[in-house]
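Visitor: Pasting run_19.txt here (compact mmCIF, C-alpha atoms):
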```
# COMPACT_ATOMS: atom_id res chain seq x y z
CA MET A 116 16.24 -20.84 -30.61
CA SER A 117 15.49 -22.11 -27.10
CA ALA A 118 17.42 -19.24 -25.50
CA LEU A 119 15.46 -16.73 -27.59
CA LEU A 120 12.14 -18.32 -26.60
CA THR A 121 13.11 -18.28 -22.92
CA LEU A 122 14.15 -14.63 -23.01
CA ALA A 123 10.97 -13.70 -24.89
CA TRP A 124 8.77 -15.43 -22.28
CA VAL A 125 10.60 -13.74 -19.39
CA MET A 126 9.98 -10.40 -21.10
CA VAL A 127 6.29 -11.27 -21.48
CA ILE A 128 6.06 -12.05 -17.75
CA VAL A 129 7.83 -8.84 -16.76
CA TYR A 130 5.64 -6.78 -19.07
CA ALA A 131 2.41 -8.37 -17.83
CA SER A 132 3.50 -7.99 -14.21
CA MET A 133 4.56 -4.33 -14.48
CA PHE A 134 1.81 -3.00 -16.77
CA PRO A 135 0.74 -0.14 -16.97
CA PHE A 136 4.23 1.18 -16.05
CA SER A 137 2.75 4.40 -14.66
CA GLY A 138 1.97 5.99 -11.31
CA TRP A 139 5.10 4.67 -9.61
CA ARG A 140 5.22 5.72 -5.95
CA TRP A 141 6.59 4.47 -2.65
CA PRO A 142 3.75 3.13 -0.46
CA ALA A 143 2.89 5.62 2.27
CA GLY A 144 4.31 4.69 5.67
CA ALA A 145 6.11 1.59 4.39
CA ASN A 146 9.76 0.76 4.89
CA ALA A 147 11.90 -1.49 2.71
CA TRP A 148 11.51 -4.51 5.00
CA SER A 149 7.72 -4.29 5.09
CA LEU A 150 7.58 -4.59 1.30
CA LEU A 151 9.21 -8.02 1.50
CA ARG A 152 6.12 -9.46 3.24
CA LEU A 153 3.53 -10.31 0.61
CA PRO A 154 -0.08 -10.02 1.87
CA TRP A 155 -2.84 -12.56 1.53
CA PRO A 156 -5.64 -11.08 -0.62
CA GLN A 157 -9.16 -10.62 0.75
CA TRP A 158 -10.81 -11.92 -2.43
CA HIS A 159 -9.97 -14.25 -5.29
CA ASP A 160 -10.86 -14.15 -8.96
CA ARG A 161 -11.04 -17.56 -10.63
CA PHE A 162 -9.65 -16.28 -13.91
CA ASP A 163 -6.76 -14.55 -12.10
CA LEU A 164 -5.91 -17.73 -10.21
CA PHE A 165 -5.76 -19.75 -13.42
CA ALA A 166 -3.70 -17.06 -15.19
CA ASN A 167 -1.11 -16.94 -12.41
CA LEU A 168 -0.72 -20.70 -12.47
CA ALA A 169 -0.59 -21.03 -16.26
CA ALA A 170 1.75 -18.10 -16.95
CA TYR A 171 4.78 -19.77 -15.35
CA VAL A 172 4.31 -23.26 -16.79
CA PRO A 173 5.93 -22.37 -20.16
CA LEU A 174 8.82 -20.69 -18.33
CA GLY A 175 9.41 -23.85 -16.30
CA VAL A 176 9.37 -25.96 -19.47
CA LEU A 177 11.76 -23.68 -21.37
CA LEU A 178 14.23 -23.45 -18.50
CA ALA A 179 14.17 -27.20 -17.85
CA VAL A 180 14.73 -28.37 -21.44
CA ARG A 181 17.83 -26.16 -21.69
CA ARG A 182 19.62 -27.79 -18.72
CA THR A 183 20.89 -30.86 -20.49
CA ASP A 184 23.94 -31.32 -18.23
CA ALA A 185 22.10 -31.69 -14.88
CA SER A 186 20.08 -34.40 -13.18
CA SER A 187 16.30 -34.31 -13.20
CA LEU A 188 15.89 -33.40 -9.53
CA SER A 189 18.60 -30.75 -9.72
CA THR A 190 16.96 -29.24 -12.79
CA ILE A 191 13.51 -29.16 -11.19
CA GLY A 192 14.89 -27.53 -8.04
CA TRP A 193 16.93 -24.93 -9.94
CA VAL A 194 14.11 -24.04 -12.33
CA THR A 195 11.54 -23.72 -9.53
CA LEU A 196 13.88 -21.52 -7.48
CA ALA A 197 14.75 -19.27 -10.44
CA ALA A 198 11.13 -18.80 -11.52
CA SER A 199 9.97 -18.31 -7.93
CA THR A 200 12.62 -15.61 -7.43
CA LEU A 201 11.47 -13.82 -10.58
CA SER A 202 7.84 -13.99 -9.43
CA TYR A 203 8.71 -12.73 -5.94
CA ALA A 204 10.60 -9.77 -7.40
CA MET A 205 7.63 -8.90 -9.62
CA GLU A 206 5.22 -9.04 -6.67
CA VAL A 207 7.43 -6.81 -4.51
CA ILE A 208 7.81 -4.22 -7.28
CA GLN A 209 4.01 -4.16 -7.63
CA PHE A 210 3.85 -2.43 -4.24
CA THR A 211 5.00 0.72 -6.09
CA LEU A 212 2.28 0.48 -8.77
CA PRO A 213 -1.12 1.76 -7.57
CA GLN A 214 -3.06 -0.29 -10.14
CA ARG A 215 -1.46 -3.58 -9.14
CA VAL A 216 -1.99 -5.66 -5.99
CA PRO A 217 0.89 -7.86 -4.78
CA SER A 218 -0.25 -11.16 -3.36
CA MET A 219 1.16 -14.20 -1.62
CA VAL A 220 -1.39 -16.29 -3.53
CA ASP A 221 -0.06 -15.01 -6.87
CA TRP A 222 3.51 -15.84 -5.89
CA SER A 223 2.51 -19.31 -4.69
CA LEU A 224 0.62 -20.06 -7.91
CA ASN A 225 3.48 -18.76 -10.05
CA THR A 226 5.88 -21.04 -8.18
CA ALA A 227 3.52 -24.01 -8.53
CA GLY A 228 3.21 -23.34 -12.27
CA ALA A 229 6.97 -23.22 -12.67
CA PHE A 230 7.32 -26.45 -10.67
CA ALA A 231 4.79 -28.21 -12.91
CA GLY A 232 6.51 -26.81 -16.00
CA ALA A 233 9.88 -28.03 -14.75
CA TRP A 234 8.55 -31.59 -14.35
CA LEU A 235 7.08 -31.42 -17.83
CA GLY A 236 10.30 -29.96 -19.22
CA VAL A 237 12.40 -32.74 -17.73
CA GLY A 238 10.17 -35.28 -19.44
CA LEU A 239 10.38 -33.44 -22.75
CA ARG A 240 14.14 -33.07 -22.39
CA GLY A 241 14.50 -36.81 -22.73
CA ALA A 242 12.64 -36.61 -26.02
CA ARG A 243 15.05 -33.87 -27.22
CA LEU A 244 12.17 -31.46 -27.79
CA MET A 245 14.20 -28.33 -28.49
CA GLN A 246 16.46 -30.14 -30.97
CA ARG A 247 13.38 -31.34 -32.81
CA ILE A 248 11.92 -27.83 -32.80
CA ASP A 249 15.16 -26.43 -34.23
CA ARG A 250 15.20 -29.08 -36.96
CA ALA A 251 11.53 -28.46 -37.78
CA HIS A 252 12.21 -24.72 -38.01
CA ASP A 253 15.11 -25.28 -40.41
CA ARG A 254 13.07 -27.70 -42.50
CA TRP A 255 10.01 -25.46 -42.81
CA PHE A 256 11.61 -22.03 -43.00
CA GLU A 257 15.19 -22.77 -44.10
CA ARG A 258 17.47 -19.82 -43.33
CA HIS A 259 14.99 -17.08 -44.15
CA GLY A 260 12.68 -16.90 -41.24
CA PRO A 261 13.72 -15.87 -37.69
CA ALA A 262 12.10 -12.41 -37.80
CA GLY A 263 9.21 -13.67 -39.93
CA VAL A 264 8.51 -16.56 -37.58
CA VAL A 265 8.40 -14.18 -34.62
CA LEU A 266 5.93 -11.90 -36.43
CA LEU A 267 3.72 -14.83 -37.37
CA ALA A 268 3.77 -16.07 -33.76
CA LEU A 269 2.76 -12.61 -32.48
CA TRP A 270 -0.17 -12.22 -34.89
CA PRO A 271 -2.70 -14.37 -32.95
CA LEU A 272 -1.70 -12.64 -29.70
CA GLY A 273 -2.61 -9.31 -31.27
CA LEU A 274 -6.01 -10.71 -32.23
CA LEU A 275 -6.81 -11.33 -28.56
CA PHE A 276 -7.24 -7.59 -28.00
CA PRO A 277 -10.68 -6.35 -29.13
CA THR A 278 -10.73 -5.04 -32.70
CA PRO A 279 -13.42 -2.90 -34.39
CA VAL A 280 -13.57 -5.40 -37.27
CA PRO A 281 -12.49 -9.07 -37.08
CA LEU A 282 -8.74 -9.35 -37.83
CA GLY A 283 -8.54 -5.53 -38.05
CA LEU A 284 -5.19 -4.80 -36.37
CA GLY A 285 -3.19 -1.58 -36.37
CA GLN A 286 -5.79 0.93 -35.15
CA ILE A 287 -3.46 3.08 -33.08
CA TRP A 288 -4.10 6.49 -34.65
CA GLU A 289 -7.21 7.37 -32.63
CA ARG A 290 -5.39 6.69 -29.36
CA LEU A 291 -2.36 8.70 -30.53
CA ARG A 292 -4.68 11.58 -31.45
CA ASP A 293 -6.38 11.52 -28.05
CA ASN A 294 -3.07 11.32 -26.18
CA LEU A 295 -1.63 14.20 -28.19
CA ALA A 296 -4.73 16.31 -27.50
CA ASP A 297 -4.40 15.56 -23.76
CA ALA A 298 -0.69 16.43 -23.80
CA LEU A 299 -1.38 19.78 -25.49
CA SER A 300 -4.33 20.65 -23.25
CA GLY A 301 -3.77 24.05 -21.64
CA VAL A 302 -1.08 25.11 -24.10
CA PRO A 303 -2.25 28.47 -25.54
CA TRP A 304 -0.65 28.17 -28.97
CA ALA A 305 -2.04 24.64 -29.44
CA GLU A 306 -5.76 25.44 -29.02
CA GLY A 307 -6.42 25.40 -32.76
CA LEU A 308 -4.51 22.13 -33.13
CA ILE A 309 -6.53 20.55 -30.31
CA VAL A 310 -9.78 21.53 -32.02
CA GLY A 311 -8.49 19.97 -35.22
CA LEU A 312 -7.56 16.79 -33.39
CA SER A 313 -10.91 16.47 -31.63
CA PRO A 314 -13.36 14.12 -33.35
CA GLY A 315 -16.19 15.90 -35.08
CA SER A 316 -19.89 15.45 -34.51
CA VAL A 317 -20.44 13.78 -37.88
CA VAL A 318 -21.98 10.34 -37.48
CA VAL A 319 -19.81 7.79 -39.23
CA PRO A 320 -21.94 5.22 -41.08
CA PRO A 321 -21.15 1.52 -40.61
CA LEU A 322 -18.94 -0.16 -43.15
CA ALA A 323 -20.73 -1.43 -46.21
CA PRO A 324 -21.01 -5.24 -46.18
CA LEU A 325 -18.62 -5.60 -49.12
CA THR A 326 -16.10 -3.24 -47.49
CA GLU A 327 -16.20 -5.16 -44.22
CA LEU A 328 -15.85 -8.49 -46.04
CA LEU A 329 -12.82 -7.14 -47.93
CA ALA A 330 -11.26 -5.76 -44.74
CA VAL A 331 -11.56 -9.13 -42.99
CA GLY A 332 -10.23 -10.99 -46.02
CA LEU A 333 -7.20 -8.70 -46.31
CA GLY A 334 -6.64 -9.08 -42.56
CA LEU A 335 -6.05 -12.79 -43.21
CA LEU A 336 -4.23 -12.41 -46.53
CA GLY A 337 -1.51 -10.20 -44.98
CA PRO A 338 -0.10 -12.79 -42.53
CA CYS A 339 -0.46 -15.51 -45.19
CA MET A 340 1.75 -13.50 -47.54
CA ALA A 341 4.24 -12.97 -44.72
CA ALA A 342 4.34 -16.75 -44.26
CA TYR A 343 4.93 -17.22 -47.99
CA CYS A 344 8.03 -15.03 -47.72
CA ILE A 345 9.79 -17.51 -45.46
CA THR A 346 8.88 -20.86 -47.01
CA PRO A 347 9.06 -21.77 -50.72
CA SER A 348 7.20 -25.09 -50.55
CA THR A 349 3.71 -25.05 -52.06
CA GLY A 350 2.49 -27.76 -49.70
CA ARG A 351 3.77 -25.97 -46.62
CA ARG A 352 2.27 -22.71 -47.81
CA LEU A 353 -1.12 -24.40 -48.10
CA VAL A 354 -0.75 -25.76 -44.57
CA LEU A 355 0.37 -22.41 -43.13
CA SER A 356 -2.46 -20.45 -44.76
CA ALA A 357 -5.05 -22.99 -43.59
CA GLY A 358 -3.52 -22.82 -40.12
CA ALA A 359 -3.76 -19.01 -40.18
CA ALA A 360 -7.48 -19.25 -41.02
CA LEU A 361 -8.07 -21.72 -38.17
CA LEU A 362 -6.12 -19.48 -35.79
CA ALA A 363 -8.22 -16.50 -36.88
CA LEU A 364 -11.41 -18.43 -36.11
CA GLY A 365 -10.18 -19.79 -32.80
CA VAL A 366 -8.54 -16.67 -31.38
CA THR A 367 -11.38 -14.36 -32.40
CA THR A 368 -13.83 -16.76 -30.73
CA LEU A 369 -11.66 -16.82 -27.59
CA SER A 370 -11.43 -13.02 -27.51
CA THR A 371 -15.22 -12.70 -27.82
CA ALA A 372 -15.73 -15.27 -25.05
CA LEU A 373 -13.36 -13.38 -22.76
CA ASN A 374 -15.16 -10.11 -23.45
CA PHE A 375 -18.81 -11.15 -23.32
CA GLY A 376 -18.84 -14.61 -21.76
CA PRO A 377 -18.69 -18.14 -23.21
CA GLN A 378 -22.37 -18.04 -24.16
CA HIS A 379 -21.59 -15.25 -26.66
CA ALA A 380 -18.31 -16.69 -27.97
CA LEU A 381 -19.61 -17.01 -31.53
CA ALA A 382 -21.41 -13.67 -31.66
CA TRP A 383 -18.70 -12.32 -33.97
CA SER A 384 -19.23 -15.05 -36.60
CA THR A 385 -21.61 -13.19 -38.88
CA PRO A 386 -21.93 -14.26 -42.53
CA ILE A 387 -19.81 -11.26 -43.52
CA ALA A 388 -17.01 -12.08 -41.06
CA LEU A 389 -16.94 -15.76 -42.01
CA GLY A 390 -17.15 -14.85 -45.68
CA GLY A 391 -14.21 -12.49 -45.24
CA ILE A 392 -12.06 -15.21 -43.68
CA GLY A 393 -13.10 -17.60 -46.44
CA SER A 394 -12.29 -15.06 -49.16
CA GLY A 395 -8.92 -14.34 -47.56
CA LEU A 396 -8.08 -18.05 -47.57
CA VAL A 397 -9.17 -18.41 -51.20
CA MET A 398 -6.95 -15.47 -52.19
CA ALA A 399 -4.03 -16.96 -50.28
CA TRP A 400 -4.45 -20.35 -51.94
CA ALA A 401 -4.75 -18.70 -55.37
CA LEU A 402 -1.35 -17.06 -54.76
CA VAL A 403 0.34 -20.15 -53.36
CA GLY A 404 2.75 -20.43 -56.28
CA CYS A 405 4.05 -16.83 -56.27
CA GLY A 406 7.67 -15.96 -55.60
CA ARG A 407 8.91 -14.49 -52.33
CA ARG A 408 9.26 -10.93 -53.66
CA VAL A 409 5.79 -11.07 -55.18
CA ALA A 410 4.40 -12.39 -51.87
CA ALA A 411 6.11 -9.54 -50.01
CA GLY A 412 4.64 -6.97 -52.41
CA ILE A 413 1.13 -8.39 -52.15
CA GLY A 414 1.49 -8.53 -48.38
CA LEU A 415 2.41 -4.83 -48.30
CA VAL A 416 -0.70 -3.95 -50.29
CA ALA A 417 -2.98 -6.25 -48.27
CA ILE A 418 -1.88 -5.00 -44.85
CA THR A 419 -1.93 -1.33 -45.87
CA ALA A 420 -5.40 -1.66 -47.37
CA SER A 421 -6.67 -3.57 -44.34
CA VAL A 422 -5.50 -0.86 -41.93
CA ALA A 423 -7.04 1.85 -44.14
CA LEU A 424 -10.40 0.08 -44.44
CA VAL A 425 -10.73 -0.73 -40.74
CA ALA A 426 -9.89 2.89 -39.88
CA GLN A 427 -13.19 3.85 -41.54
CA ALA A 428 -15.21 1.67 -39.15
CA PRO A 429 -17.37 3.72 -36.73
CA ALA A 430 -17.12 3.57 -32.96
CA ASP A 431 -19.23 0.73 -31.59
CA PRO A 432 -20.69 0.65 -28.04
CA TYR A 433 -19.90 -3.05 -27.66
CA PHE A 434 -16.35 -2.41 -28.86
CA ALA A 435 -16.03 0.37 -26.26
CA GLU A 436 -17.35 -2.01 -23.60
CA SER A 437 -14.75 -4.58 -24.64
CA LEU A 438 -11.94 -2.04 -24.32
CA SER A 439 -13.18 -1.00 -20.89
CA GLY A 440 -13.18 -4.62 -19.75
CA TRP A 441 -9.60 -5.09 -20.89
CA GLU A 442 -8.31 -1.80 -19.52
CA GLN A 443 -9.98 -1.84 -16.11
CA GLY A 444 -11.08 -5.38 -15.38
CA ARG A 445 -9.64 -8.84 -15.18
CA PHE A 446 -7.57 -8.53 -18.37
CA ILE A 447 -5.26 -5.88 -16.90
CA ARG A 448 -2.41 -8.43 -16.88
CA PHE A 449 -2.64 -9.00 -20.62
CA HIS A 450 -4.08 -5.67 -21.73
CA GLY A 451 -0.84 -3.81 -22.46
CA LEU A 452 0.93 -6.67 -24.19
CA ALA A 453 -1.97 -7.71 -26.43
CA GLN A 454 -2.86 -4.09 -27.14
CA TRP A 455 0.62 -3.10 -28.26
CA ILE A 456 1.00 -6.21 -30.38
CA GLY A 457 -2.35 -5.52 -32.05
CA TRP A 458 -1.41 -1.89 -32.65
CA CYS A 459 2.13 -2.43 -33.88
CA TRP A 460 1.96 -5.77 -35.72
CA PRO A 461 0.90 -4.39 -39.14
CA TYR A 462 3.58 -1.69 -39.13
CA LEU A 463 6.37 -4.02 -37.99
CA THR A 464 5.29 -6.51 -40.64
CA LEU A 465 5.23 -3.81 -43.33
CA ALA A 466 8.82 -2.87 -42.45
CA TRP A 467 9.88 -6.53 -42.56
CA LEU A 468 8.14 -7.13 -45.89
CA LEU A 469 9.96 -4.12 -47.35
CA SER A 470 13.25 -5.65 -46.23
CA ARG A 471 12.28 -8.96 -47.85
CA ILE A 472 11.66 -7.28 -51.22
CA GLY A 473 15.26 -6.06 -51.27
CA ALA A 474 16.83 -9.19 -49.78
CA ARG A 475 19.23 -11.17 -51.96
CA ASP A 476 17.77 -14.51 -50.90
CA ALA A 477 14.16 -13.48 -51.61
```
Translate the structure described by the file into structure tokens.

Guide:
Amino acid sequence: MSALLTLAWVMVIVYASMFPFSGWRWPAGANAWSLLRLPWPQWHDRFDLFANLAAYVPLGVLLAVRRTDASSLSTIGWVTLAASTLSYAMEVIQFTLPQRVPSMVDWSLNTAGAFAGAWLGVGLRGARLMQRIDRAHDRWFERHGPAGVVLLALWPLGLLFPTPVPLGLGQIWERLRDNLADALSGVPWAEGLIVGLSPGSVVVPPLAPLTELLAVGLGLLGPCMAAYCITPSTGRRLVLSAGAALLALGVTTLSTALNFGPQHALAWSTPIALGGIGSGLVMAWALVGCGRRVAAGIGLVAITASVALVAQAPADPYFAESLSGWEQGRFIRFHGLAQWIGWCWPYLTLAWLLSRIGARDA
């Protein structure tokens, strides 16, 4: 479990450091040795400084708690060196990405974060943290849940990316349509297809209040049903569904604060949105005693219906502003990861729920 978590966090760091994985080019007039000297930036962004420091703290913790056969000082030194080397490599590679800016400050903060995480990890190692996590996982999810636990852990990360409706994940089709139209642009035989792919001039009305409430409720019911597939205990199901509702409230508030500022953090919490979360929790609690196969089937219906309902939501200027802030502004480090999780989570979960319906231990 600890090795999987460590590998997953390293992949997160690499993805965030290399995004958007396009426009690769060798810097004009630079030789290999010049790329090894990281520059000092001319300006600093407070959010960026905090993000660089915080991103490497979990890596330091995860690496430190796994070295059970080494002294504390040796562990701290090894972890700091390993994380610092990873950070340095990421910064050097960023020279070849036009949208990224390598920085000595970023590398220094990454190293400091890993150092702090290593100290924290050494302290937690004495408390046998990872062994306790493994035992808690086995107690709560028995043998059924590695893939399900990963999906549940990814769900709140997907909610960080702006959504047209609260908890409305999976809206990838419009982007796929636009990308396909761009790819076919200039191809003579595809002109008719491009016209068909282009959005029409018909004004899409806003979702009816009841439709929006149902979409939000189903957006919560889906992950709750996924959680029910990996734990049979009624009490634990009640706790997990309540935790999902609290996560939905907290992460959606955080996403709104990041987009529009802390003073507007609760702008999303309309009576319809809050009513949708409440109705989703009520539905989840009403189904708390269902079997695993039944939970998987209801989850399939809930997630599919949620994606279909949210797809009917019209384009919103504030939503477009949110996307622009993520794609061009300070959230560039997290944009790709959160975006892809938000796009893909419903479809990955649907595939997993289908596998649970046919599983022998369901």

Visitor: Record the distance separating atom CA of Ser132 of chain A and atom CA of Gly228 of chain A, expressed in Å with one decimal.

Guide: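 Between atom CA of Ser132 of chain A and atom CA of Gly228 of chain A the gap works out to 15.5 Å.
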
Visitor: Can you tell me which residues surround Ser223 of chain A at a distance of at most 10 Å, considering only C-alpha atoms, apart from same-chain residues fewer than 3 positions away, and format the answer as a VMD selection string?

Guide: chain A and resid 167 to 168 199 202 to 203 218 to 220 226 to 229

Visitor: Applying 9 Å and only C-alpha atoms, which residues near segment 175-192 of chain A remain after dropping the ones on its own chain fewer than 3 positions away? List them as a list in words.

Guide: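 Skipping anything fewer than 3 positions along the chain leaves Ser117, Ala118, Leu120, Thr121, Trp124, Tyr171, Val172, Thr195, Leu196, Ala197, Ala198, Gly228, Ala229, Phe230, Ala231, Gly232, Ala233, Trp234, Leu235, Gly236, Val237, Gly238, Leu239, Arg240, Gly241, Arg243, Leu244 and Met245 of chain A.
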
Visitor: Any idea what the distance is between atom CA of Ala420 of chain A and atom CA of Gly337 of chain A?

Guide: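 Separating atom CA of Ala420 of chain A from atom CA of Gly337 of chain A is a distance of 9.7 Å.
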
Visitor: May I ask which of the residues A:Cys344, A:Gly350, A:Ala372, A:Ala399 is the closest one to Leu469 of chain A, counting all atoms listed in the file?

Guide: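 Smallest distance to Leu469 of chain A is found for A:Cys344.
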
Visitor: Kindly indicate which residue among A:Val216, A:Trp222, A:Leu415, A:Ala426 lies nearest to Trp158 of chain A, using all atoms listed in the file for the distances.

Guide: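 That would be A:Val216, the residue with the smallest distance to Trp158 of chain A.
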
Visitor: What does the distance between atom CA of Thr326 of chain A and atom CA of Gly457 of chain A come to in Å, to one decimal place?

Guide: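 Calculated distance between atom CA of Thr326 of chain A and atom CA of Gly457 of chain A is 20.8 Å.
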
Visitor: Taking into account all atoms listed in the file, which residue in the set A:Pro377, A:Pro386, A:Pro261, A:Pro324 is nearest to Thr346 of chain A?

Guide: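 That would be A:Pro261, the residue with the smallest distance to Thr346 of chain A.
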
Visitor: Can you sort out the box for segment 229-232 of chain A, edges along x, y and z, all listed atoms in, 5 Å on every side, with centre and edge lengths in Å to one decimal, as JSON?

Guide:
```
{"center_x": 6.1, "center_y": -25.7, "center_z": -13.3, "size_x": 12.5, "size_y": 15.0, "size_z": 15.3}
```

Visitor: Just checking: using all atoms listed in the file, which residue out of A:Ser348, A:Ser421, A:Thr367, A:Asn374 ends up closest to Glu327 of chain A?

Guide: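 Ranking A:Ser348, A:Ser421, A:Thr367, A:Asn374 by distance to Glu327 of chain A, first place goes to A:Ser421.
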
Visitor: For Gly393 of chain A, please output as a list of chain:residue names all residues within 12 Å (counting only C-alpha atoms; exclusion window: fewer than 6 positions along the same chain).

Guide: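 What passes the distance filter is A:Leu328, A:Leu329, A:Val331, A:Gly332, A:Leu333, A:Gly334, A:Leu335, A:Leu336, A:Ser356, A:Ala357, A:Ala359, A:Ala360, A:Leu361, A:Ala363, A:Leu364, A:Ser384, A:Pro386, A:Ile387, A:Ala399, A:Trp400.
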
Visitor: Restricting the calculation to all atoms listed in the file: of A:Thr419, A:Ala323, A:Gly144, A:Leu369, which residue gets closest to Phe276 of chain A?

Guide: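 Smallest separation from Phe276 of chain A among the options: A:Leu369.
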
Visitor: So which one's closest to Ala466 of chain A, A:Ala262, A:Leu274, A:Ala428, A:Leu353? Using all atoms listed in the file, please.

Guide: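 For Ala466 of chain A, the nearest of the given residues is A:Ala262.
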
Visitor: Once N, CA and C atoms are restored for segment 346-362 of chain A, what would the output be as a tab-separated table (two decimals), in the frame of the given file?

Guide:
```
chain	number	residue	atom	x	y	z
A	346	THR	N	8.87	-19.45	-46.61
A	346	THR	CA	8.88	-20.86	-47.01
A	346	THR	C	8.52	-20.96	-48.49
A	347	PRO	N	9.32	-21.69	-49.28
A	347	PRO	CA	9.06	-21.77	-50.72
A	347	PRO	C	8.13	-22.92	-51.11
A	348	SER	N	7.93	-23.88	-50.21
A	348	SER	CA	7.20	-25.09	-50.55
A	348	SER	C	5.71	-24.81	-50.71
A	349	THR	N	5.14	-25.24	-51.82
A	349	THR	CA	3.71	-25.05	-52.06
A	349	THR	C	2.87	-25.77	-51.01
A	350	GLY	N	3.24	-27.00	-50.69
A	350	GLY	CA	2.49	-27.76	-49.70
A	350	GLY	C	2.50	-27.10	-48.33
A	351	ARG	N	3.68	-26.61	-47.93
A	351	ARG	CA	3.77	-25.97	-46.62
A	351	ARG	C	3.03	-24.64	-46.61
A	352	ARG	N	3.03	-23.95	-47.73
A	352	ARG	CA	2.27	-22.71	-47.81
A	352	ARG	C	0.77	-22.98	-47.65
A	353	LEU	N	0.29	-24.05	-48.25
A	353	LEU	CA	-1.12	-24.40	-48.10
A	353	LEU	C	-1.44	-24.70	-46.64
A	354	VAL	N	-0.54	-25.42	-45.97
A	354	VAL	CA	-0.75	-25.76	-44.57
A	354	VAL	C	-0.72	-24.50	-43.71
A	355	LEU	N	0.24	-23.61	-43.94
A	355	LEU	CA	0.37	-22.41	-43.13
A	355	LEU	C	-0.83	-21.48	-43.31
A	356	SER	N	-1.31	-21.33	-44.54
A	356	SER	CA	-2.46	-20.45	-44.76
A	356	SER	C	-3.73	-21.04	-44.15
A	357	ALA	N	-3.91	-22.36	-44.25
A	357	ALA	CA	-5.05	-22.99	-43.59
A	357	ALA	C	-4.94	-22.85	-42.07
A	358	GLY	N	-3.72	-23.00	-41.55
A	358	GLY	CA	-3.52	-22.82	-40.12
A	358	GLY	C	-3.82	-21.40	-39.67
A	359	ALA	N	-3.46	-20.41	-40.51
A	359	ALA	CA	-3.76	-19.01	-40.18
A	359	ALA	C	-5.28	-18.79	-40.10
A	360	ALA	N	-6.02	-19.39	-41.04
A	360	ALA	CA	-7.48	-19.25	-41.02
A	360	ALA	C	-8.07	-19.89	-39.76
A	361	LEU	N	-7.57	-21.06	-39.39
A	361	LEU	CA	-8.07	-21.72	-38.17
A	361	LEU	C	-7.71	-20.91	-36.93
A	362	LEU	N	-6.50	-20.34	-36.91
A	362	LEU	CA	-6.12	-19.48	-35.79
A	362	LEU	C	-7.02	-18.26	-35.70
```
